[in-house]
Amino acid sequence: MDPEILEFDLGLGGGGSSGRDGDDDANIGLDVDEDMADSPAPSSILASNSNGGGFGTGGGEIYLPEGDLLDLEPYEGMEFESEEAAKAFYNSYARRVGFSTRVSSSRRSRRDGAIIQRQFVCAKEGFRNLNEKRTKDREIKRPRTITRVGCKASLSVKVQDSGKWVVSGFVREHNHELVPPDQVHCLRSHRQISGPAKTLIDTLQAAGMGPRRIMSALIKEYGGISKVGFTEVDCRNYMRNNRQRSLEGDIQLLLDYLRQMQAENSNFFFAVQGDEDQALTSNVFWADPKSRMNYTYFGDTVTFDTTYRSNRYRLPFAPFTGVNHHGQPVLFGCAFLINESEASFVWLFKTWLMAMSGRPPVSITTDHDAVIRSAIMQVFPETRHCFCKWHIFKKCQEKLSQVFLKHPTFEADFHKCVNLPESIEEFVSCWLSLVDRYELRDHEWLQMMYNDRRHWIPVYLRDTFFAEMSITQRSDSMNSYFDGFVNASTNLNQFFKLYEKALESRNEKEVKADYDTMNTSPALKTPSPMEKQASELYTRKLFTRFQEELVGTLTFTASKSDDDDDVITYQVAKFGEDHKSYYVKFNVLEMKAACSCQMFEFSGLLCRHVLAVFRVTNVLTLPSHYILKRWTKNARSSVILEERSSDVYTNYLESHTVRYNTLRHETFKLVDEGSKSLDTCNVAIDALQQAAKRVALATKNEGRATLVNGRIRGDSARDASRANTTNHKMLCQPLSEWEQIKGIQLPRRVQHLKQEQRFSHFL
C-alpha cells in the first residue's frame with residue numbers, strides 16, 4: 001500500500017530538533033507535565049509508517065486517513081517526520097480509543113541541549129505529588145479532584161540520525177475505564193477550537209455576547225456539544241486571551257487620553273496602580289475637575305458600581321456617582337479595574353478618597369460583594385455601607401428562577417417583605433413567614449441575604465442619609481449615569497467619545513433643571529406659608545416631592561399620646577387607619593421632631609407625619625435646620641441659607657403653640673422652686689404679679705406696633721425687647737445652637753420622659 005499523508009490540525013507544540021541517537025549522548029530531562037492542548041498549533045503535522053516512502057509538506061491542506069489508517073495503532077519502529085507529528089498521531093489515536101494524553105519526560109543532548117527523546121503518556125499516568133512544602137501553612141480553598149491513577153499506557157519516540165523520529169516503545173494497556181465517543185470532547189487534550197469556531201466566537205464576542213450565550217449558539221450551529229469539540233471553559237479562556245491581546249494596544253489609548261486631559265487642566269486627577277510602565281496589568285482611576293467639585297456639594301452619599309461591562313474586553317468600568325439637588329445622577333470619578341481583587345479595591349478607594357480631598361461620604365452603595373465590603377471596611381470605617389437593592393432583586397430572579405415559575409405570587413410577596421415593614425421586628429416576622437410559606441428556609445442564597453440584611457433591608461438603613469426620595473423605592477439601577485451611551489460592545493477607542501457625550505448630556509440636563517427652577521414658579525396647592533417657603537427654597541424636583549408630603553397631611557390626624565416636659569409625643573395616622581400609626585416626638589423648645597418612619601434621616605425631606613404635627617401645633621414655616629442646602633436652589637453656591645440671628649428669634653416665637661409651651665416650661669420651673677417653702681412661695685407669687693402687670697402693659701402697647709404674621713415690628717418691638725431683657729436671655733438660650741447650624745442636624749431618637757404636671761392650679 002502506498003504511503004498515506006496525514007495532517008493533524010491540533011493545538012499541539014514543542015518544536016522538534018534534530019539530534020544524534022545514543023544513550024551516551026543524552027541525559028534525562030525534567031518532567032514538564034505539559035498538556036498537549038496548551039501548545040501552539042503547527043501549520044502541518046505529518047506522520048508515516050516505517051515502510052513508507054518520503055512525505056512532503058501538507059501545504060495547509062487537510063489529508064484524512066483512508067482505509068486501514070483509520071484504525072492505525074502505534075507500533076515500535078513507526079517513523080514520523082517530527083516530534084510534533086508523533087505527538088499529534090498519538091493524541092489522534094487516544095481520541096479514537098477514549099483517553100487523554102500529555103507529555104511526560106524528555107532527554108536532551110549533552111552536546112547542544114536539543115531534545116532527542118520524548119515520552120507521551122495517558123493523562124492518568126503516575127500519581128499526584130502531594131508536596132508538603134507547597135501545602136504547609138496554606139489553606140486550599142478549592143481542592144482539585146484526583147485524576148491520576150498510575151496508568152502505564154505510553155508512547156516513546158527518539159530522534160534518528162536522519163532527523164526522523166521513531167517509536168521506541170509503546171504500552172497499549174490502561175488500568176482504568178476508557179471514555180465513550182460522546183464524551184471524548186471533555187478530555188483535555190482533545191478540546192480544540194477550530195478555525196471556523198474561532199471566527200464565530202470573535203464575531204459574537206464583538207457583539208457583546210458572553211461565553212454562555214456563545215456556547216449555546218455553537219451547540220445549535222454544530223448540532224450538539226460533542227460536535228463542538230470544546231467546552232464553555234475553553235470558550236471563556238479563548239475569549240479572555242482575545243481580550244488580553246486586544247488590550248495591549250487599546251489600553252495605551254486610555255493613558256494617552258488621561259495625560260492629555262491633565263495637560264489641559266492641572267485639576268484633572270488620574271492615577272495608575274503601581275508603575276505606569278505596567279499599566280496593562282494595573283488599575284486606573286480618574287476624576288475631572290467638575291467631578292471633584294460635584295463631590296464638595298453632593299458628596300454625602302455615594303454609589304460605586306462594578307457591574308458595568310462597558311467594553312469588549314469586559315473590564316469592569318467602575319463609576320463613582322451621587323445625586324445632585326435635582327435628584328439627577330452626578331459623577332464623582334471613574335475607574336477601569338484590570339482585576340477585582342481586594343487589593344485592587346483598597347487601592348482604588350484610597351486613591352478616590354485622596355482625589356476627593358480626604359473627606360469620606362456618610363454612606364456608600366455598592367453591588368453585593370464580600371470583597372468590596374472588606375475593602376470599604378478598611379478605607380471607610382465610619383461610612384455606612386449599603387448593598388444595592390435593585391441588584392439583589394435581579395440576582396434573586398436568577399437564584400430562585402424555579403420558585404418564580406412555580407409560585408407566581410412569590411415575587412410580589414418578596415418585595416412586600418423587603419419594603420413594607422415599619423420595624424425590625426415586623427421584618428423578621430415577615431421574612432420567616434415568607435420562607436416557611438414557600439419552603440425556602442434552607443435555601444443557601446436566601447440565608448446569606450438574610451445574614452446580610454443590615455446592609456440592604458430599608459428598615460435597617462433608615463437612620464442614615466442616602467438621598468433617596470422614597471424609603472421603599474430605590475433607583476431602577478445604580479449605573480444609570482452612562483446608560484444609553486456605553487454598553488458591552490463599546491471598545492476603549494469608542495469609550496471616551498461616548499464618555500464625553502454622557503458628561504455633556506448630564507450637564508445639559510442639569511442646566512435645563514436649573515433654568516426651570518429659577519425661571520418658573522410651581523403651582524401651589526394649599527394656602528400654607530410653609531408650601532410657599534418651600535417653593536422659594538427647594539429645586540423644582542424636590543419641591544414637588546415635598547408638596548406631595550405636605551398635601552398628604554390633609555388625610556392624617558395627629559393626637560397627643562404622651563406629654564412629658566419638653567417633649568410631646570404625637571400619634572399620627574391616616575384617617576380611618578388608626579391600626580397603622582406613626583409616632584412623632586416633638587421638642588417644642590428646640591423645634592425638633594423625630595418620626596418613627598425616619599424619612600428625614602434617610603432622604604433629607606420631612607415626612608407627612610412630622611408636617612401633620614407642625615400643622616396641628618401651628619408651626620407655619622419650616623425651621624431652618626430642616627432645610628438641607630444640598631436640596632435647595634443655592635446648592636452649588638457659597639451662599640448660606642438666611643439664618644440671621646435677628647430672624648432666628650422672631651421665627652422661633654412665630655408659633656402661638658411655641659410661645660405657650662415656652663412660657664409653660666419657664667413657669668413650671670418657677671412653681672417647682674417656689675413651692676419648696678413659704679418664703680420662696682411668696683417671692684414667686686410676687687414675681688408672677690409683677691409679670692402680669694408687665695404683660696398687661698405690653699398688651700396695651702401692642703396696638704401701636706405693626707403685626708406681621710405674629711411678629712412685632714418697629715420701635716415698640718425694640719422697647720419691649722429692652723423691657724424684658726432678663727426673660728429674653730432665658731428664652732434665647734437654645735438659639736446659639738440654631739445659629740451654628742449650616743447643614744443637616746439629624747434628630748436623634750428621644751426617650752420617653754415621665755408625664756409632666758399642669759401648673760394652672762397653682763395660679
# chains A, B, ... in the order shown; residues from 1 in each chain; ligands from 1
$ residues_around --residues "A:Lys152" --least-positions-apart "6" --cutoff "7 Å" --atoms "only C-alpha atoms" --output "list in words"
Glu125, Val171 and His174 of chain A
$ select_by_dssp --residues "stretch 131-347 of chain A" --states "strand (DSSP E or B)" --output "PyMOL selection string"
chain A and resi 154-159+165-171+269-272+284-287+301-304+308-309+316-323+329-336
$ write_last_selection --atoms "N, CA and C atoms" --output "tab-separated table (two decimals), in the first residue's frame"
chain	number	residue	atom	x	y	z
A	154	SER	N	1.59	4.39	27.28
A	154	SER	CA	2.51	5.45	26.85
A	154	SER	C	3.01	5.19	25.44
A	155	LEU	N	3.64	6.22	24.87
A	155	LEU	CA	4.32	6.12	23.58
A	155	LEU	C	5.64	6.87	23.71
A	156	SER	N	6.76	6.17	23.42
A	156	SER	CA	8.09	6.79	23.48
A	156	SER	C	8.65	6.90	22.08
A	157	VAL	N	9.24	8.06	21.78
A	157	VAL	CA	9.87	8.27	20.46
A	157	VAL	C	11.25	8.87	20.68
A	158	LYS	N	12.18	8.57	19.72
A	158	LYS	CA	13.50	9.18	19.78
A	158	LYS	C	13.95	9.52	18.37
A	159	VAL	N	14.84	10.48	18.30
A	159	VAL	CA	15.25	11.01	17.00
A	159	VAL	C	16.36	10.14	16.40
A	165	TRP	N	11.78	10.81	13.58
A	165	TRP	CA	11.53	10.28	14.92
A	165	TRP	C	10.90	8.90	14.79
A	166	VAL	N	11.37	7.95	15.60
A	166	VAL	CA	10.90	6.59	15.53
A	166	VAL	C	10.35	6.16	16.88
A	167	VAL	N	9.29	5.33	16.84
A	167	VAL	CA	8.69	4.83	18.07
A	167	VAL	C	9.63	3.80	18.68
A	168	SER	N	10.07	4.07	19.93
A	168	SER	CA	10.99	3.15	20.61
A	168	SER	C	10.29	2.33	21.68
A	169	GLY	N	9.05	2.70	22.00
A	169	GLY	CA	8.31	1.94	23.00
A	169	GLY	C	6.84	2.30	22.96
A	170	PHE	N	5.97	1.30	23.16
A	170	PHE	CA	4.53	1.54	23.14
A	170	PHE	C	3.86	0.59	24.13
A	171	VAL	N	3.09	1.16	25.07
A	171	VAL	CA	2.31	0.37	26.03
A	171	VAL	C	0.84	0.66	25.77
A	269	PHE	N	-7.46	64.80	37.67
A	269	PHE	CA	-6.73	63.83	38.50
A	269	PHE	C	-6.79	62.46	37.87
A	270	PHE	N	-5.63	61.78	37.76
A	270	PHE	CA	-5.66	60.37	37.38
A	270	PHE	C	-4.49	59.66	38.04
A	271	ALA	N	-4.65	58.37	38.26
A	271	ALA	CA	-3.62	57.58	38.92
A	271	ALA	C	-3.64	56.17	38.37
A	272	VAL	N	-2.45	55.56	38.30
A	272	VAL	CA	-2.30	54.18	37.86
A	272	VAL	C	-1.70	53.40	39.02
A	284	VAL	N	-6.67	51.75	36.85
A	284	VAL	CA	-6.57	53.17	36.51
A	284	VAL	C	-7.79	53.90	37.07
A	285	PHE	N	-7.56	55.07	37.68
A	285	PHE	CA	-8.64	55.91	38.19
A	285	PHE	C	-8.46	57.34	37.69
A	286	TRP	N	-9.58	58.01	37.41
A	286	TRP	CA	-9.50	59.42	37.04
A	286	TRP	C	-10.75	60.17	37.51
A	287	ALA	N	-10.57	61.48	37.70
A	287	ALA	CA	-11.68	62.36	38.08
A	287	ALA	C	-11.42	63.73	37.49
A	301	THR	N	-23.49	61.19	50.03
A	301	THR	CA	-23.82	59.79	49.74
A	301	THR	C	-23.29	59.43	48.36
A	302	VAL	N	-22.73	58.24	48.23
A	302	VAL	CA	-22.01	57.83	47.01
A	302	VAL	C	-22.47	56.45	46.58
A	303	THR	N	-22.52	56.25	45.27
A	303	THR	CA	-22.78	54.93	44.71
A	303	THR	C	-21.56	54.49	43.91
A	304	PHE	N	-21.11	53.27	44.15
A	304	PHE	CA	-19.96	52.71	43.43
A	304	PHE	C	-20.41	51.43	42.75
A	308	TYR	N	-20.92	47.38	35.43
A	308	TYR	CA	-20.80	47.76	34.01
A	308	TYR	C	-19.88	46.77	33.30
A	309	ARG	N	-20.24	46.41	32.11
A	309	ARG	CA	-19.33	45.71	31.22
A	309	ARG	C	-19.30	46.56	29.96
A	316	PRO	N	-14.19	45.71	34.17
A	316	PRO	CA	-15.23	46.41	34.91
A	316	PRO	C	-14.97	47.91	34.92
A	317	PHE	N	-15.82	48.64	34.23
A	317	PHE	CA	-15.78	50.10	34.27
A	317	PHE	C	-16.56	50.52	35.51
A	318	ALA	N	-15.90	51.16	36.45
A	318	ALA	CA	-16.50	51.41	37.76
A	318	ALA	C	-16.63	52.90	38.02
A	319	PRO	N	-17.82	53.47	37.85
A	319	PRO	CA	-18.01	54.89	38.15
A	319	PRO	C	-18.43	55.12	39.60
A	320	PHE	N	-17.98	56.24	40.15
A	320	PHE	CA	-18.48	56.74	41.43
A	320	PHE	C	-19.51	57.82	41.11
A	321	THR	N	-20.72	57.68	41.60
A	321	THR	CA	-21.76	58.65	41.31
A	321	THR	C	-22.49	59.06	42.58
A	322	GLY	N	-23.27	60.13	42.47
A	322	GLY	CA	-24.09	60.60	43.58
A	322	GLY	C	-25.38	61.17	43.04
A	323	VAL	N	-26.02	62.02	43.84
A	323	VAL	CA	-27.30	62.63	43.46
A	323	VAL	C	-27.18	64.13	43.67
A	329	PRO	N	-28.44	61.91	38.62
A	329	PRO	CA	-27.12	61.32	38.91
A	329	PRO	C	-26.01	62.29	38.57
A	330	VAL	N	-24.98	62.31	39.40
A	330	VAL	CA	-23.84	63.20	39.20
A	330	VAL	C	-22.57	62.39	39.40
A	331	LEU	N	-21.52	62.71	38.63
A	331	LEU	CA	-20.31	61.89	38.59
A	331	LEU	C	-19.27	62.38	39.60
A	332	PHE	N	-18.61	61.41	40.28
A	332	PHE	CA	-17.54	61.72	41.23
A	332	PHE	C	-16.20	61.10	40.80
A	333	GLY	N	-16.13	60.48	39.64
A	333	GLY	CA	-14.89	59.85	39.20
A	333	GLY	C	-15.16	58.48	38.60
A	334	CYS	N	-14.15	57.93	37.89
A	334	CYS	CA	-14.31	56.64	37.21
A	334	CYS	C	-13.03	55.83	37.34
A	335	ALA	N	-13.17	54.53	37.14
A	335	ALA	CA	-12.01	53.64	37.18
A	335	ALA	C	-12.19	52.51	36.19
A	336	PHE	N	-11.06	52.01	35.69
A	336	PHE	CA	-11.01	50.74	34.98
A	336	PHE	C	-10.21	49.78	35.85
$ closest_residue --among "A:Cys235, A:Ala467, A:Leu498, A:Val97" --to "A:Phe482" --atoms "only C-alpha atoms"
A:Leu498
$ residues_around --residues "A:Pro181" --least-positions-apart "4" --cutoff "12 Å" --atoms "only C-alpha atoms" --output "list in words"
Ala94, Arg95, Arg96, Val97, Gly98, Phe99, His185, Cys186, Leu187, His190, Ser226, Lys227 and Gly229 of chain A
$ atom_distance --atom1 "atom CA of A:Ser505" --atom2 "atom CA of A:Met356"
23.4 Å
$ atom_distance --atom1 "atom CA of A:Phe575" --atom2 "atom CA of A:Pro522"
28.2 Å
$ closest_residue --among "A:Lys633, A:Arg359, A:His415, A:Arg664" --to "A:Pro458" --atoms "only C-alpha atoms"
A:His415
$ closest_residue --among "A:Lys509, A:Lys629, A:Lys501, A:Lys124" --to "A:Glu177" --atoms "only C-alpha atoms"
A:Lys124
$ residues_around --residues "A:Ser581" --least-positions-apart "6" --cutoff "7 Å" --atoms "only C-alpha atoms" --output "list in words"
Gln571, Val572 and Ala573 of chain A
$ residues_around --residues "stretch 529-538 of chain A" --least-positions-apart "5" --cutoff "7 Å" --atoms "only C-alpha atoms" --output "tab-separated table (two decimals) with all heavy atoms, in the first residue's frame"
chain	number	residue	atom	x	y	z
A	522	PRO	N	-43.72	77.05	40.61
A	522	PRO	CA	-44.62	75.91	40.67
A	522	PRO	C	-46.01	76.33	41.15
A	522	PRO	O	-46.16	77.34	41.85
A	522	PRO	CB	-43.95	74.98	41.68
A	522	PRO	CG	-43.17	75.90	42.57
A	522	PRO	CD	-42.70	77.01	41.69
A	543	PHE	N	-39.15	70.27	45.44
A	543	PHE	CA	-40.38	70.90	45.92
A	543	PHE	C	-41.59	70.02	45.61
A	543	PHE	O	-42.50	69.87	46.43
A	543	PHE	CB	-40.58	72.28	45.31
A	543	PHE	CG	-41.95	72.84	45.59
A	543	PHE	CD1	-42.29	73.27	46.86
A	543	PHE	CD2	-42.92	72.88	44.59
A	543	PHE	CE1	-43.56	73.75	47.14
A	543	PHE	CE2	-44.19	73.35	44.86
A	543	PHE	CZ	-44.51	73.79	46.14
A	547	GLN	N	-44.10	68.80	48.28
A	547	GLN	CA	-45.52	69.16	48.15
A	547	GLN	C	-46.41	67.93	48.32
A	547	GLN	O	-47.49	67.99	48.92
A	547	GLN	CB	-45.75	69.81	46.79
A	547	GLN	CG	-47.13	70.43	46.62
A	547	GLN	CD	-47.27	71.09	45.25
A	547	GLN	OE1	-47.02	70.46	44.22
A	547	GLN	NE2	-47.66	72.35	45.25
A	620	LEU	N	-45.86	77.38	61.23
A	620	LEU	CA	-46.28	77.83	59.90
A	620	LEU	C	-45.20	77.71	58.84
A	620	LEU	O	-45.52	77.64	57.65
A	620	LEU	CB	-46.76	79.28	59.99
A	620	LEU	CG	-47.91	79.53	60.99
A	620	LEU	CD1	-48.30	80.99	60.98
A	620	LEU	CD2	-49.10	78.64	60.66
A	621	THR	N	-43.93	77.74	59.25
A	621	THR	CA	-42.85	77.63	58.27
A	621	THR	C	-41.86	76.58	58.72
A	621	THR	O	-41.80	76.20	59.89
A	621	THR	CB	-42.12	78.97	58.09
A	621	THR	OG1	-41.60	79.38	59.35
A	621	THR	CG2	-43.06	80.03	57.54
A	622	LEU	N	-41.03	76.11	57.78
A	622	LEU	CA	-40.03	75.09	58.08
A	622	LEU	C	-38.91	75.67	58.92
A	622	LEU	O	-38.31	76.69	58.54
A	622	LEU	CB	-39.44	74.52	56.79
A	622	LEU	CG	-40.31	73.57	55.97
A	622	LEU	CD1	-39.64	73.29	54.63
A	622	LEU	CD2	-40.54	72.27	56.73
A	631	TRP	N	-30.42	70.33	48.82
A	631	TRP	CA	-31.66	70.20	48.06
A	631	TRP	C	-32.20	71.56	47.58
A	631	TRP	O	-33.27	71.60	46.99
A	631	TRP	CB	-32.74	69.54	48.91
A	631	TRP	CG	-32.56	68.09	49.24
A	631	TRP	CD1	-32.80	67.50	50.44
A	631	TRP	CD2	-32.18	67.02	48.36
A	631	TRP	NE1	-32.56	66.15	50.38
A	631	TRP	CE2	-32.18	65.82	49.10
A	631	TRP	CE3	-31.80	66.97	47.01
A	631	TRP	CZ2	-31.85	64.59	48.55
A	631	TRP	CZ3	-31.47	65.73	46.47
A	631	TRP	CH2	-31.49	64.56	47.22
A	632	THR	N	-31.49	72.63	47.83
A	632	THR	CA	-32.01	73.96	47.51
A	632	THR	C	-31.48	74.48	46.19
A	632	THR	O	-30.55	73.92	45.59
A	632	THR	CB	-31.65	74.97	48.62
A	632	THR	OG1	-30.23	75.17	48.63
A	632	THR	CG2	-32.11	74.46	49.98
A	633	LYS	N	-32.05	75.60	45.76
A	633	LYS	CA	-31.62	76.24	44.52
A	633	LYS	C	-30.16	76.70	44.61
A	633	LYS	O	-29.46	76.75	43.60
A	633	LYS	CB	-32.51	77.45	44.21
A	633	LYS	CG	-33.97	77.11	44.03
A	633	LYS	CD	-34.79	78.38	43.84
A	633	LYS	CE	-36.29	78.06	43.69
A	633	LYS	NZ	-37.10	79.29	43.52
$ select_by_dssp --residues "stretch 319-492 of chain A" --states "alpha helix (DSSP H)" --output "PyMOL selection string"
chain A and resi 342-355+370-379+389-399+401-406+410-419+424-437+444-451+458-461+492
